[in-house]
$ cat query30.pdb   # PDB, C-alpha atoms
ATOM      1  CA  MET A  20       8.002 -19.041   6.302
ATOM      2  CA  ALA A  21      11.414 -20.344   7.230
ATOM      3  CA  LYS A  22      13.704 -20.679  10.196
ATOM      4  CA  GLU A  23      16.825 -18.734   9.407
ATOM      5  CA  ILE A  24      20.026 -20.121  10.954
ATOM      6  CA  GLU A  25      22.968 -17.895  10.166
ATOM      7  CA  ARG A  26      26.464 -17.344  11.479
ATOM      8  CA  LYS A  27      28.184 -14.025  10.904
ATOM      9  CA  PHE A  28      31.903 -13.259  10.874
ATOM     10  CA  LEU A  29      34.213 -10.364  10.290
ATOM     11  CA  VAL A  30      36.290 -10.506   7.099
ATOM     12  CA  ARG A  31      40.079 -10.115   7.150
ATOM     13  CA  GLN A  32      40.158  -7.359   4.579
ATOM     14  CA  GLU A  33      43.920  -7.653   4.025
ATOM     15  CA  ILE A  34      43.326 -11.176   2.648
ATOM     16  CA  TRP A  35      39.850 -11.134   1.033
ATOM     17  CA  GLN A  36      39.499 -10.086  -2.615
ATOM     18  CA  PRO A  37      36.222  -9.781  -4.567
ATOM     19  CA  GLN A  38      35.881 -12.516  -7.218
ATOM     20  CA  ASP A  39      33.249 -10.709  -9.305
ATOM     21  CA  GLU A  40      31.276  -7.452  -9.458
ATOM     22  CA  GLY A  41      28.794  -8.430  -6.766
ATOM     23  CA  THR A  42      25.304  -7.020  -6.393
ATOM     24  CA  GLU A  43      24.319  -3.609  -5.112
ATOM     25  CA  ILE A  44      21.754  -3.748  -2.306
ATOM     26  CA  ALA A  45      19.715  -0.931  -0.776
ATOM     27  CA  GLN A  46      17.566  -1.818   2.179
ATOM     28  CA  GLY A  47      15.583  -0.072   4.845
ATOM     29  CA  TYR A  48      13.489  -0.879   7.890
ATOM     30  CA  LEU A  49       9.774  -0.279   8.468
ATOM     31  CA  ALA A  50      10.244  -1.813  11.912
ATOM     32  CA  ALA A  51      13.461  -2.633  13.730
ATOM     33  CA  THR A  52      13.051  -3.742  17.329
ATOM     34  CA  LYS A  53      14.175  -6.791  19.284
ATOM     35  CA  GLU A  54      10.708  -8.308  18.852
ATOM     36  CA  ARG A  55      10.205  -7.765  15.118
ATOM     37  CA  VAL A  56      11.968  -6.551  11.997
ATOM     38  CA  VAL A  57      10.298  -5.537   8.721
ATOM     39  CA  ARG A  58      12.843  -5.026   5.940
ATOM     40  CA  VAL A  59      12.426  -3.619   2.426
ATOM     41  CA  ARG A  60      15.172  -4.531  -0.034
ATOM     42  CA  LEU A  61      16.069  -3.566  -3.588
ATOM     43  CA  ALA A  62      18.709  -5.864  -5.110
ATOM     44  CA  ALA A  63      19.629  -6.609  -8.730
ATOM     45  CA  GLY A  64      16.434  -5.012 -10.046
ATOM     46  CA  ARG A  65      14.109  -6.969  -7.747
ATOM     47  CA  GLY A  66      12.164  -5.951  -4.667
ATOM     48  CA  TRP A  67      11.628  -7.865  -1.419
ATOM     49  CA  LEU A  68       9.627  -7.437   1.767
ATOM     50  CA  THR A  69      10.842  -9.515   4.709
ATOM     51  CA  VAL A  70       9.475  -9.997   8.227
ATOM     52  CA  LYS A  71      11.761 -11.435  10.908
ATOM     53  CA  GLY A  72      10.994 -12.453  14.453
ATOM     54  CA  PRO A  73      13.270 -12.127  17.475
ATOM     55  CA  THR A  74      16.686 -13.733  17.299
ATOM     56  CA  GLN A  75      16.753 -16.876  19.437
ATOM     57  CA  GLY A  76      20.379 -17.902  19.691
ATOM     58  CA  ILE A  77      21.377 -17.958  16.007
ATOM     59  CA  GLU A  78      17.870 -18.891  14.783
ATOM     60  CA  ARG A  79      15.048 -16.565  13.796
ATOM     61  CA  LEU A  80      11.706 -16.804  12.008
ATOM     62  CA  GLU A  81      11.754 -15.265   8.524
ATOM     63  CA  CYS A  82       8.922 -14.635   6.040
ATOM     64  CA  GLU A  83      10.093 -13.186   2.724
ATOM     65  CA  TYR A  84       8.035 -12.032  -0.253
ATOM     66  CA  GLU A  85       9.054 -10.713  -3.644
ATOM     67  CA  VAL A  86       7.243  -7.458  -4.398
ATOM     68  CA  PRO A  87       7.091  -5.219  -7.491
ATOM     69  CA  VAL A  88      10.167  -2.976  -7.767
ATOM     70  CA  GLU A  89       7.995   0.164  -7.758
ATOM     71  CA  ASP A  90       6.408  -1.002  -4.472
ATOM     72  CA  ALA A  91       9.861  -1.615  -2.980
ATOM     73  CA  ARG A  92      10.930   1.909  -4.025
ATOM     74  CA  ALA A  93       7.798   3.457  -2.495
ATOM     75  CA  MET A  94       8.254   1.458   0.732
ATOM     76  CA  LEU A  95      11.980   2.331   0.972
ATOM     77  CA  ALA A  96      10.871   5.979   1.001
ATOM     78  CA  LEU A  97       8.835   5.203   4.158
ATOM     79  CA  CYS A  98      11.747   3.559   5.979
ATOM     80  CA  GLU A  99      13.764   4.927   8.861
ATOM     81  CA  ARG A 100      16.939   6.774   7.839
ATOM     82  CA  PRO A 101      19.699   6.055   7.022
ATOM     83  CA  LEU A 102      19.126   3.244   4.540
ATOM     84  CA  ILE A 103      21.634   0.402   4.506
ATOM     85  CA  GLU A 104      23.721   0.380   1.328
ATOM     86  CA  LYS A 105      26.105  -2.441   0.557
ATOM     87  CA  ARG A 106      27.588  -4.563  -2.197
ATOM     88  CA  ARG A 107      27.115  -8.289  -1.758
ATOM     89  CA  TYR A 108      29.491 -10.938  -3.090
ATOM     90  CA  ARG A 109      28.871 -14.676  -3.073
ATOM     91  CA  GLU A 110      31.530 -17.338  -2.714
ATOM     92  CA  ARG A 111      31.265 -21.098  -2.544
ATOM     93  CA  HIS A 112      33.467 -22.846   0.018
ATOM     94  CA  GLY A 113      32.892 -26.558   0.536
ATOM     95  CA  GLU A 114      29.170 -27.233   0.830
ATOM     96  CA  HIS A 115      28.160 -23.671   1.658
ATOM     97  CA  THR A 116      27.700 -20.353  -0.101
ATOM     98  CA  TRP A 117      29.047 -17.370   1.798
ATOM     99  CA  GLU A 118      27.631 -13.879   1.434
ATOM    100  CA  ILE A 119      30.233 -11.175   1.898
ATOM    101  CA  ASP A 120      28.704  -7.733   2.468
ATOM    102  CA  CYS A 121      30.810  -4.622   1.880
ATOM    103  CA  PHE A 122      28.926  -1.721   3.382
ATOM    104  CA  THR A 123      28.994   1.763   1.892
ATOM    105  CA  GLY A 124      27.351   5.036   2.933
ATOM    106  CA  GLU A 125      27.273   5.543   6.699
ATOM    107  CA  ASN A 126      28.607   2.017   7.286
ATOM    108  CA  GLU A 127      31.611   2.359   4.939
ATOM    109  CA  GLY A 128      34.551   0.216   6.081
ATOM    110  CA  LEU A 129      32.472  -2.619   7.517
ATOM    111  CA  VAL A 130      32.807  -6.009   5.773
ATOM    112  CA  VAL A 131      31.043  -9.069   7.165
ATOM    113  CA  ALA A 132      30.463 -12.597   5.882
ATOM    114  CA  GLU A 133      27.429 -14.782   6.565
ATOM    115  CA  VAL A 134      26.761 -18.441   6.042
ATOM    116  CA  GLU A 135      23.316 -20.010   6.259
ATOM    117  CA  LEU A 136      23.168 -23.390   7.961
ATOM    118  CA  SER A 137      20.480 -26.044   8.132
ATOM    119  CA  ARG A 138      21.312 -26.887  11.759
ATOM    120  CA  ALA A 139      22.804 -24.732  14.479
ATOM    121  CA  ASP A 140      25.706 -27.159  14.938
ATOM    122  CA  GLU A 141      26.347 -27.834  11.236
ATOM    123  CA  ALA A 142      30.047 -27.998  10.297
ATOM    124  CA  PHE A 143      31.422 -25.802   7.500
ATOM    125  CA  VAL A 144      34.685 -25.067   5.729
ATOM    126  CA  ARG A 145      36.318 -21.894   7.085
ATOM    127  CA  PRO A 146      37.549 -19.657   4.246
ATOM    128  CA  LEU A 147      41.088 -18.302   4.708
ATOM    129  CA  TRP A 148      39.825 -14.726   5.072
ATOM    130  CA  LEU A 149      37.455 -15.603   7.942
ATOM    131  CA  GLY A 150      37.827 -13.344  10.976
ATOM    132  CA  ALA A 151      36.171 -13.276  14.391
ATOM    133  CA  GLU A 152      32.599 -14.497  14.791
ATOM    134  CA  VAL A 153      30.059 -11.745  15.551
ATOM    135  CA  SER A 154      26.809 -13.772  15.360
ATOM    136  CA  ALA A 155      25.892 -12.809  18.916
ATOM    137  CA  ASP A 156      26.894  -9.143  18.644
ATOM    138  CA  SER A 157      23.695  -7.226  17.903
ATOM    139  CA  ARG A 158      25.637  -4.129  16.773
ATOM    140  CA  TYR A 159      26.387  -5.949  13.524
ATOM    141  CA  GLN A 160      22.725  -6.584  12.717
ATOM    142  CA  ASN A 161      21.707  -4.472   9.742
ATOM    143  CA  ALA A 162      18.665  -3.260  11.711
ATOM    144  CA  SER A 163      21.066  -1.986  14.400
ATOM    145  CA  LEU A 164      23.342  -0.323  11.849
ATOM    146  CA  ILE A 165      20.580   2.184  10.991
ATOM    147  CA  ARG A 166      20.526   3.344  14.627
ATOM    148  CA  LEU A 167      24.275   3.335  15.191
ATOM    149  CA  PRO A 168      26.150   3.191  11.860
ATOM    150  CA  PHE A 169      29.692   1.762  11.792
ATOM    151  CA  SER A 170      31.149   5.209  11.015
ATOM    152  CA  ARG A 171      30.045   6.343  14.488
ATOM    153  CA  TRP A 172      31.247   3.342  16.512
ATOM    154  CA  LYS A 173      34.545   4.947  17.535
ATOM    155  CA  GLU A 174      32.971   8.076  18.978
ATOM    156  CA  GLU A 175      30.517   5.950  21.001
ATOM    157  CA  ARG A 176      33.194   3.803  22.639
TER     158      ARG A 176
ATOM    159  CA  MET B   6       0.812  -0.074  -4.797
ATOM    160  CA  ALA B   7      -2.270   2.090  -4.507
ATOM    161  CA  LYS B   8      -3.407   5.395  -3.116
ATOM    162  CA  GLU B   9      -6.063   4.673  -0.542
ATOM    163  CA  ILE B  10      -8.770   7.333  -0.215
ATOM    164  CA  GLU B  11     -11.192   6.471   2.553
ATOM    165  CA  ARG B  12     -13.790   8.254   4.629
ATOM    166  CA  LYS B  13     -14.754   6.855   8.005
ATOM    167  CA  PHE B  14     -17.971   7.411   9.963
ATOM    168  CA  LEU B  15     -19.584   6.312  13.173
ATOM    169  CA  VAL B  16     -22.601   4.025  12.796
ATOM    170  CA  ARG B  17     -25.934   4.809  14.469
ATOM    171  CA  GLN B  18     -26.238   1.467  16.183
ATOM    172  CA  GLU B  19     -29.921   1.984  17.067
ATOM    173  CA  ILE B  20     -30.676   1.991  13.306
ATOM    174  CA  TRP B  21     -28.084  -0.288  11.671
ATOM    175  CA  GLN B  22     -28.762  -4.039  11.406
ATOM    176  CA  PRO B  23     -26.387  -6.677   9.969
ATOM    177  CA  GLN B  24     -27.660  -8.060   6.617
ATOM    178  CA  ASP B  25     -25.550 -11.237   6.708
ATOM    179  CA  GLU B  26     -23.031 -13.099   8.861
ATOM    180  CA  GLY B  27     -20.097 -10.921   7.935
ATOM    181  CA  THR B  28     -16.444 -11.956   8.085
ATOM    182  CA  GLU B  29     -14.292 -12.366  11.163
ATOM    183  CA  ILE B  30     -11.034 -10.416  10.992
ATOM    184  CA  ALA B  31      -7.992 -10.635  13.254
ATOM    185  CA  GLN B  32      -5.216  -8.173  12.592
ATOM    186  CA  GLY B  33      -2.105  -6.941  14.259
ATOM    187  CA  TYR B  34       0.663  -4.429  13.721
ATOM    188  CA  LEU B  35       4.380  -5.021  13.160
ATOM    189  CA  ALA B  36       4.771  -1.242  12.971
ATOM    190  CA  ALA B  37       2.293   1.455  13.905
ATOM    191  CA  THR B  38       3.639   4.994  13.841
ATOM    192  CA  LYS B  39       2.552   8.186  12.086
ATOM    193  CA  GLU B  40       5.204   7.583   9.422
ATOM    194  CA  ARG B  41       4.520   3.913   8.612
ATOM    195  CA  VAL B  42       2.138   1.084   9.378
ATOM    196  CA  VAL B  43       2.742  -2.624   8.735
ATOM    197  CA  ARG B  44      -0.404  -4.689   9.228
ATOM    198  CA  VAL B  45      -0.907  -8.466   9.301
ATOM    199  CA  ARG B  46      -4.466  -9.642   8.696
ATOM    200  CA  LEU B  47      -6.274 -12.983   8.813
ATOM    201  CA  ALA B  48      -9.737 -12.821   7.215
ATOM    202  CA  ALA B  49     -11.990 -15.524   5.792
ATOM    203  CA  GLY B  50      -9.171 -18.083   5.721
ATOM    204  CA  ARG B  51      -6.742 -15.815   3.862
ATOM    205  CA  GLY B  52      -3.665 -13.927   5.015
ATOM    206  CA  TRP B  53      -2.503 -10.423   4.094
ATOM    207  CA  LEU B  54       0.521  -8.227   4.737
ATOM    208  CA  THR B  55      -0.063  -4.516   4.184
ATOM    209  CA  VAL B  56       2.269  -1.521   4.327
ATOM    210  CA  LYS B  57       0.782   1.961   4.634
ATOM    211  CA  GLY B  58       2.444   5.349   4.507
ATOM    212  CA  PRO B  59       1.515   8.439   6.501
ATOM    213  CA  THR B  60      -2.048   9.713   6.197
ATOM    214  CA  GLN B  61      -2.106  12.859   4.072
ATOM    215  CA  GLY B  62      -5.577  14.331   4.502
ATOM    216  CA  ILE B  63      -7.754  11.314   3.680
ATOM    217  CA  GLU B  64      -5.200   9.766   1.281
ATOM    218  CA  ARG B  65      -2.429   7.323   2.073
ATOM    219  CA  LEU B  66      -0.075   5.028   0.177
ATOM    220  CA  GLU B  67      -0.934   1.340   0.523
ATOM    221  CA  CYS B  68       0.933  -1.793  -0.645
ATOM    222  CA  GLU B  69      -0.941  -5.021   0.058
ATOM    223  CA  TYR B  70       0.183  -8.618  -0.512
ATOM    224  CA  GLU B  71      -1.592 -11.895   0.004
ATOM    225  CA  VAL B  72       0.551 -14.276   2.053
ATOM    226  CA  PRO B  73       0.147 -17.935   3.067
ATOM    227  CA  VAL B  74      -2.202 -18.331   6.045
ATOM    228  CA  GLU B  75       0.501 -20.057   8.094
ATOM    229  CA  ASP B  76       2.800 -17.049   7.485
ATOM    230  CA  ALA B  77       0.042 -14.670   8.585
ATOM    231  CA  ARG B  78      -0.454 -16.699  11.786
ATOM    232  CA  ALA B  79       3.279 -16.697  12.538
ATOM    233  CA  MET B  80       3.511 -12.947  11.879
ATOM    234  CA  LEU B  81       0.416 -12.200  14.019
ATOM    235  CA  ALA B  82       2.294 -13.847  16.884
ATOM    236  CA  LEU B  83       5.046 -11.219  16.434
ATOM    237  CA  CYS B  84       2.633  -8.254  16.516
ATOM    238  CA  GLU B  85       2.120  -5.751  19.309
ATOM    239  CA  ARG B  86      -0.688  -6.630  21.731
ATOM    240  CA  PRO B  87      -3.653  -6.416  21.804
ATOM    241  CA  LEU B  88      -4.638  -7.677  18.352
ATOM    242  CA  ILE B  89      -7.599  -6.001  16.659
ATOM    243  CA  GLU B  90     -10.584  -8.327  16.423
ATOM    244  CA  LYS B  91     -13.689  -7.367  14.506
ATOM    245  CA  ARG B  92     -16.489  -8.629  12.319
ATOM    246  CA  ARG B  93     -16.789  -6.908   8.965
ATOM    247  CA  TYR B  94     -20.036  -6.504   7.048
ATOM    248  CA  ARG B  95     -20.363  -5.173   3.500
ATOM    249  CA  GLU B  96     -23.285  -3.178   2.153
ATOM    250  CA  ARG B  97     -23.867  -1.622  -1.219
ATOM    251  CA  HIS B  98     -25.398   1.844  -1.254
ATOM    252  CA  GLY B  99     -25.593   3.624  -4.616
ATOM    253  CA  GLU B 100     -22.263   3.273  -6.403
ATOM    254  CA  HIS B 101     -20.217   2.374  -3.324
ATOM    255  CA  THR B 102     -19.621  -0.597  -1.066
ATOM    256  CA  TRP B 103     -19.479   0.260   2.615
ATOM    257  CA  GLU B 104     -17.493  -1.760   5.117
ATOM    258  CA  ILE B 105     -19.052  -1.793   8.571
ATOM    259  CA  ASP B 106     -16.635  -2.978  11.270
ATOM    260  CA  CYS B 107     -18.040  -4.222  14.584
ATOM    261  CA  PHE B 108     -15.112  -4.461  16.970
ATOM    262  CA  THR B 109     -14.864  -7.124  19.646
ATOM    263  CA  GLY B 110     -12.239  -7.870  22.293
ATOM    264  CA  GLU B 111     -10.755  -4.729  23.857
ATOM    265  CA  ASN B 112     -12.595  -2.514  21.363
ATOM    266  CA  GLU B 113     -16.057  -4.003  21.981
ATOM    267  CA  GLY B 114     -18.840  -1.470  21.439
ATOM    268  CA  LEU B 115     -17.124   0.419  18.630
ATOM    269  CA  VAL B 116     -18.838   0.266  15.210
ATOM    270  CA  VAL B 117     -17.475   2.285  12.294
ATOM    271  CA  ALA B 118     -18.223   2.378   8.576
ATOM    272  CA  GLU B 119     -15.775   3.122   5.796
ATOM    273  CA  VAL B 120     -16.206   3.908   2.141
ATOM    274  CA  GLU B 121     -13.357   3.896  -0.382
ATOM    275  CA  LEU B 122     -13.437   6.698  -2.937
ATOM    276  CA  SER B 123     -11.550   7.253  -6.170
ATOM    277  CA  ARG B 124     -11.269  11.005  -5.544
ATOM    278  CA  ALA B 125     -11.175  12.926  -2.304
ATOM    279  CA  ASP B 126     -14.229  14.984  -3.323
ATOM    280  CA  GLU B 127     -16.237  12.116  -4.806
ATOM    281  CA  ALA B 128     -19.971  12.199  -3.951
ATOM    282  CA  PHE B 129     -21.653   9.175  -2.354
ATOM    283  CA  VAL B 130     -25.084   8.082  -1.132
ATOM    284  CA  ARG B 131     -25.342   8.442   2.666
ATOM    285  CA  PRO B 132     -26.893   5.339   4.247
ATOM    286  CA  LEU B 133     -29.643   6.063   6.805
ATOM    287  CA  TRP B 134     -27.520   4.718   9.647
ATOM    288  CA  LEU B 135     -24.587   7.043   8.901
ATOM    289  CA  GLY B 136     -23.349   8.941  11.959
ATOM    290  CA  ALA B 137     -20.651  11.569  12.469
ATOM    291  CA  GLU B 138     -17.549  11.543  10.258
ATOM    292  CA  VAL B 139     -14.329  10.549  12.073
ATOM    293  CA  SER B 140     -11.916  10.402   9.087
ATOM    294  CA  ALA B 141      -9.644  12.990  10.679
ATOM    295  CA  ASP B 142      -9.772  11.546  14.217
ATOM    296  CA  SER B 143      -6.678   9.386  14.599
ATOM    297  CA  ARG B 144      -8.085   7.622  17.705
ATOM    298  CA  TYR B 145     -10.315   5.628  15.363
ATOM    299  CA  GLN B 146      -7.414   4.288  13.294
ATOM    300  CA  ASN B 147      -7.004   0.568  13.923
ATOM    301  CA  ALA B 148      -3.296   1.142  14.549
ATOM    302  CA  SER B 149      -4.249   3.606  17.317
ATOM    303  CA  LEU B 150      -6.795   1.212  18.815
ATOM    304  CA  ILE B 151      -3.994  -1.179  19.840
ATOM    305  CA  ARG B 152      -2.425   1.612  21.948
ATOM    306  CA  LEU B 153      -5.638   2.999  23.390
ATOM    307  CA  PRO B 154      -8.521   0.529  22.926
ATOM    308  CA  PHE B 155     -12.107   1.853  22.842
ATOM    309  CA  SER B 156     -12.870   0.166  26.188
ATOM    310  CA  ARG B 157     -10.420   2.568  27.849
ATOM    311  CA  TRP B 158     -11.552   5.817  26.189
ATOM    312  CA  LYS B 159     -13.834   6.866  29.074
ATOM    313  CA  GLU B 160     -11.188   6.577  31.753
ATOM    314  CA  GLU B 161      -8.755   8.623  29.623
ATOM    315  CA  ARG B 162     -11.148  11.554  29.114
TER     316      ARG B 162
END
$ encode --input "query30.pdb" --output "structure tokens"
Amino acid sequence: MAKEIERKFLVRQEIWQPQDEGTEIAQGYLAATKERVVRVRLAAGRGWLTVKGPTQGIERLECEYEVPVEDARAMLALCERPLIEKRRYRERHGEHTWEIDCFTGENEGLVVAEVELSRADEAFVRPLWLGAEVSADSRYQNASLIRLPFSRWKEER
Amino acid sequence: MAKEIERKFLVRQEIWQPQDEGTEIAQGYLAATKERVVRVRLAAGRGWLTVKGPTQGIERLECEYEVPVEDARAMLALCERPLIEKRRYRERHGEHTWEIDCFTGENEGLVVAEVELSRADEAFVRPLWLGAEVSADSRYQNASLIRLPFSRWKEER
């Protein structure tokens, strides 16, 4: 059980360049409401089951368990459609590791960066490619992107 | 990951008597739809997180993981209300162990017995107290009992 404190930003795609091959991630949701999220993830040949509580500011309760890959596959098949597909890159800047997610599939074109902090007001080095902060914009939550994928944002405006 | 094959019956409460103290169980649901169930359970000082697929006849996919008790408590707090509270008794009859669940809280008065089989058509000894089979009646599923507890069945008829 952990308290997750994350800040999320857009990535200036004209500046950012991948530094390595990254990791392919497929994830789906067994539950995705404001009150509770249950996520199944397959990444780099490992499976994970994660339960998250409601977002309170930029904090949220998170319980994460590694599960057998065959379980993760079977549970992904139970998830709401579409699944979230993305390639994740990691970059170290100052004291923090950033995760840059390049979405594919129905969220193609969306690139966001997240940094995990130990305190809500913790300072961090801002990478050059850092764009606008979207921590408080629930549309960018992966659990929201299964309901309204990025590819459909324009038509909904 | 396992295929769960269970048959569920009412218990003739005028005949059945507990043989021991049983185990207190508190469980809740992070998801409870026809397509997927995510259950959190606290029982005998241990915590469990269980994912179940849709019921297909009397079979259903089940992935179960033991989790730290403090995680189970935190996740129970995220679950839909009411929680399911019951005392579970185990009895051996012939080759099978029966689980007899005596519900309390909002499902007080409901007593059901379940037997897990290795094949859908597997034979089993019928205990004297065995009542009508309710395997196919979704109202008796624990995930349904949070939406329509037994105490409210009469008024809904």
$ closest_residue --input "query30.pdb" --among "A:Leu61, A:Ala139, A:Cys121, A:Ala96" --to "chain B" --atoms "only C-alpha atoms"
A:Ala96
$ calpha_fit_and_write --input "query30.pdb" --fixed "chain A" --moving "chain B" --output "short mmCIF file (atom, residue, chain, number, x, y, z; two decimals) with C-alpha atoms, in the frame of the given file"
data_model
loop_
_atom_site.label_atom_id
_atom_site.label_comp_id
_atom_site.auth_asym_id
_atom_site.auth_seq_id
_atom_site.Cartn_x
_atom_site.Cartn_y
_atom_site.Cartn_z
CA MET B 6 7.98 -19.03 6.28
CA ALA B 7 11.39 -20.35 7.23
CA LYS B 8 13.69 -20.67 10.20
CA GLU B 9 16.82 -18.72 9.41
CA ILE B 10 20.02 -20.11 10.94
CA GLU B 11 22.97 -17.88 10.16
CA ARG B 12 26.46 -17.34 11.48
CA LYS B 13 28.17 -14.02 10.91
CA PHE B 14 31.90 -13.26 10.88
CA LEU B 15 34.22 -10.35 10.30
CA VAL B 16 36.29 -10.51 7.11
CA ARG B 17 40.08 -10.12 7.16
CA GLN B 18 40.16 -7.36 4.59
CA GLU B 19 43.93 -7.65 4.05
CA ILE B 20 43.32 -11.18 2.67
CA TRP B 21 39.86 -11.13 1.05
CA GLN B 22 39.50 -10.06 -2.60
CA PRO B 23 36.23 -9.75 -4.56
CA GLN B 24 35.90 -12.50 -7.23
CA ASP B 25 33.26 -10.68 -9.31
CA GLU B 26 31.28 -7.44 -9.45
CA GLY B 27 28.81 -8.42 -6.78
CA THR B 28 25.30 -7.02 -6.40
CA GLU B 29 24.31 -3.61 -5.10
CA ILE B 30 21.75 -3.75 -2.30
CA ALA B 31 19.71 -0.94 -0.77
CA GLN B 32 17.54 -1.83 2.18
CA GLY B 33 15.58 -0.09 4.85
CA TYR B 34 13.48 -0.89 7.88
CA LEU B 35 9.76 -0.28 8.46
CA ALA B 36 10.24 -1.83 11.90
CA ALA B 37 13.45 -2.63 13.73
CA THR B 38 13.04 -3.75 17.32
CA LYS B 39 14.17 -6.81 19.27
CA GLU B 40 10.70 -8.32 18.85
CA ARG B 41 10.18 -7.78 15.11
CA VAL B 42 11.94 -6.55 12.00
CA VAL B 43 10.29 -5.54 8.71
CA ARG B 44 12.83 -5.04 5.94
CA VAL B 45 12.42 -3.62 2.42
CA ARG B 46 15.17 -4.54 -0.03
CA LEU B 47 16.07 -3.57 -3.59
CA ALA B 48 18.70 -5.87 -5.12
CA ALA B 49 19.62 -6.62 -8.72
CA GLY B 50 16.43 -5.02 -10.05
CA ARG B 51 14.11 -6.98 -7.75
CA GLY B 52 12.16 -5.96 -4.67
CA TRP B 53 11.62 -7.87 -1.42
CA LEU B 54 9.61 -7.44 1.77
CA THR B 55 10.83 -9.52 4.70
CA VAL B 56 9.46 -10.00 8.22
CA LYS B 57 11.74 -11.44 10.90
CA GLY B 58 10.99 -12.48 14.45
CA PRO B 59 13.25 -12.13 17.47
CA THR B 60 16.68 -13.74 17.29
CA GLN B 61 16.74 -16.87 19.43
CA GLY B 62 20.39 -17.88 19.68
CA ILE B 63 21.38 -17.95 16.00
CA GLU B 64 17.86 -18.88 14.78
CA ARG B 65 15.04 -16.57 13.80
CA LEU B 66 11.71 -16.80 12.00
CA GLU B 67 11.74 -15.26 8.53
CA CYS B 68 8.90 -14.64 6.03
CA GLU B 69 10.08 -13.20 2.72
CA TYR B 70 8.01 -12.04 -0.26
CA GLU B 71 9.03 -10.72 -3.64
CA VAL B 72 7.23 -7.46 -4.41
CA PRO B 73 7.08 -5.23 -7.50
CA VAL B 74 10.15 -2.98 -7.78
CA GLU B 75 7.99 0.15 -7.77
CA ASP B 76 6.40 -1.02 -4.48
CA ALA B 77 9.85 -1.62 -2.99
CA ARG B 78 10.93 1.90 -4.01
CA ALA B 79 7.79 3.46 -2.50
CA MET B 80 8.24 1.46 0.72
CA LEU B 81 11.97 2.34 0.96
CA ALA B 82 10.86 5.98 1.00
CA LEU B 83 8.83 5.21 4.15
CA CYS B 84 11.75 3.55 5.98
CA GLU B 85 13.77 4.94 8.87
CA ARG B 86 16.95 6.78 7.84
CA PRO B 87 19.71 6.06 7.03
CA LEU B 88 19.12 3.24 4.54
CA ILE B 89 21.62 0.38 4.51
CA GLU B 90 23.70 0.37 1.34
CA LYS B 91 26.09 -2.44 0.55
CA ARG B 92 27.58 -4.56 -2.19
CA ARG B 93 27.10 -8.29 -1.76
CA TYR B 94 29.49 -10.92 -3.09
CA ARG B 95 28.88 -14.67 -3.08
CA GLU B 96 31.54 -17.34 -2.71
CA ARG B 97 31.27 -21.09 -2.53
CA HIS B 98 33.47 -22.83 0.02
CA GLY B 99 32.91 -26.56 0.53
CA GLU B 100 29.18 -27.23 0.83
CA HIS B 101 28.17 -23.65 1.66
CA THR B 102 27.71 -20.34 -0.11
CA TRP B 103 29.05 -17.37 1.80
CA GLU B 104 27.63 -13.88 1.43
CA ILE B 105 30.23 -11.17 1.90
CA ASP B 106 28.69 -7.73 2.48
CA CYS B 107 30.81 -4.63 1.87
CA PHE B 108 28.92 -1.72 3.38
CA THR B 109 28.99 1.76 1.89
CA GLY B 110 27.34 5.03 2.92
CA GLU B 111 27.27 5.55 6.70
CA ASN B 112 28.61 2.03 7.29
CA GLU B 113 31.61 2.34 4.96
CA GLY B 114 34.55 0.21 6.09
CA LEU B 115 32.47 -2.62 7.53
CA VAL B 116 32.81 -6.01 5.78
CA VAL B 117 31.05 -9.07 7.18
CA ALA B 118 30.47 -12.59 5.90
CA GLU B 119 27.46 -14.78 6.57
CA VAL B 120 26.77 -18.44 6.03
CA GLU B 121 23.31 -20.00 6.25
CA LEU B 122 23.17 -23.39 7.96
CA SER B 123 20.47 -26.04 8.14
CA ARG B 124 21.31 -26.87 11.76
CA ALA B 125 22.80 -24.72 14.47
CA ASP B 126 25.71 -27.15 14.95
CA GLU B 127 26.35 -27.83 11.26
CA ALA B 128 30.05 -27.98 10.30
CA PHE B 129 31.42 -25.78 7.51
CA VAL B 130 34.70 -25.08 5.71
CA ARG B 131 36.33 -21.90 7.08
CA PRO B 132 37.55 -19.65 4.25
CA LEU B 133 41.10 -18.30 4.71
CA TRP B 134 39.83 -14.75 5.09
CA LEU B 135 37.46 -15.62 7.95
CA GLY B 136 37.84 -13.35 10.98
CA ALA B 137 36.18 -13.28 14.40
CA GLU B 138 32.60 -14.50 14.79
CA VAL B 139 30.06 -11.74 15.55
CA SER B 140 26.81 -13.77 15.36
CA ALA B 141 25.90 -12.82 18.92
CA ASP B 142 26.90 -9.14 18.65
CA SER B 143 23.71 -7.23 17.91
CA ARG B 144 25.64 -4.11 16.78
CA TYR B 145 26.39 -5.94 13.54
CA GLN B 146 22.72 -6.58 12.73
CA ASN B 147 21.69 -4.47 9.74
CA ALA B 148 18.67 -3.26 11.72
CA SER B 149 21.07 -1.98 14.41
CA LEU B 150 23.34 -0.32 11.85
CA ILE B 151 20.58 2.19 10.99
CA ARG B 152 20.54 3.35 14.64
CA LEU B 153 24.29 3.33 15.20
CA PRO B 154 26.16 3.20 11.87
CA PHE B 155 29.70 1.76 11.79
CA SER B 156 31.15 5.21 11.02
CA ARG B 157 30.07 6.34 14.50
CA TRP B 158 31.29 3.32 16.51
CA LYS B 159 34.61 4.94 17.51
CA GLU B 160 33.06 8.07 18.97
CA GLU B 161 30.60 5.95 20.99
CA ARG B 162 33.29 3.79 22.62
#
$ atom_distance --input "query30.pdb" --atom1 "CA of Tyr70 (chain B)" --atom2 "CA of Leu102 (chain A)"
22.9 Å
$ atom_distance --input "query30.pdb" --atom1 "CA of Cys68 (chain B)" --atom2 "CA of Gly27 (chain B)"
24.5 Å
$ atom_distance --input "query30.pdb" --atom1 "CA of Tyr34 (chain B)" --atom2 "CA of Glu83 (chain A)"
16.9 Å
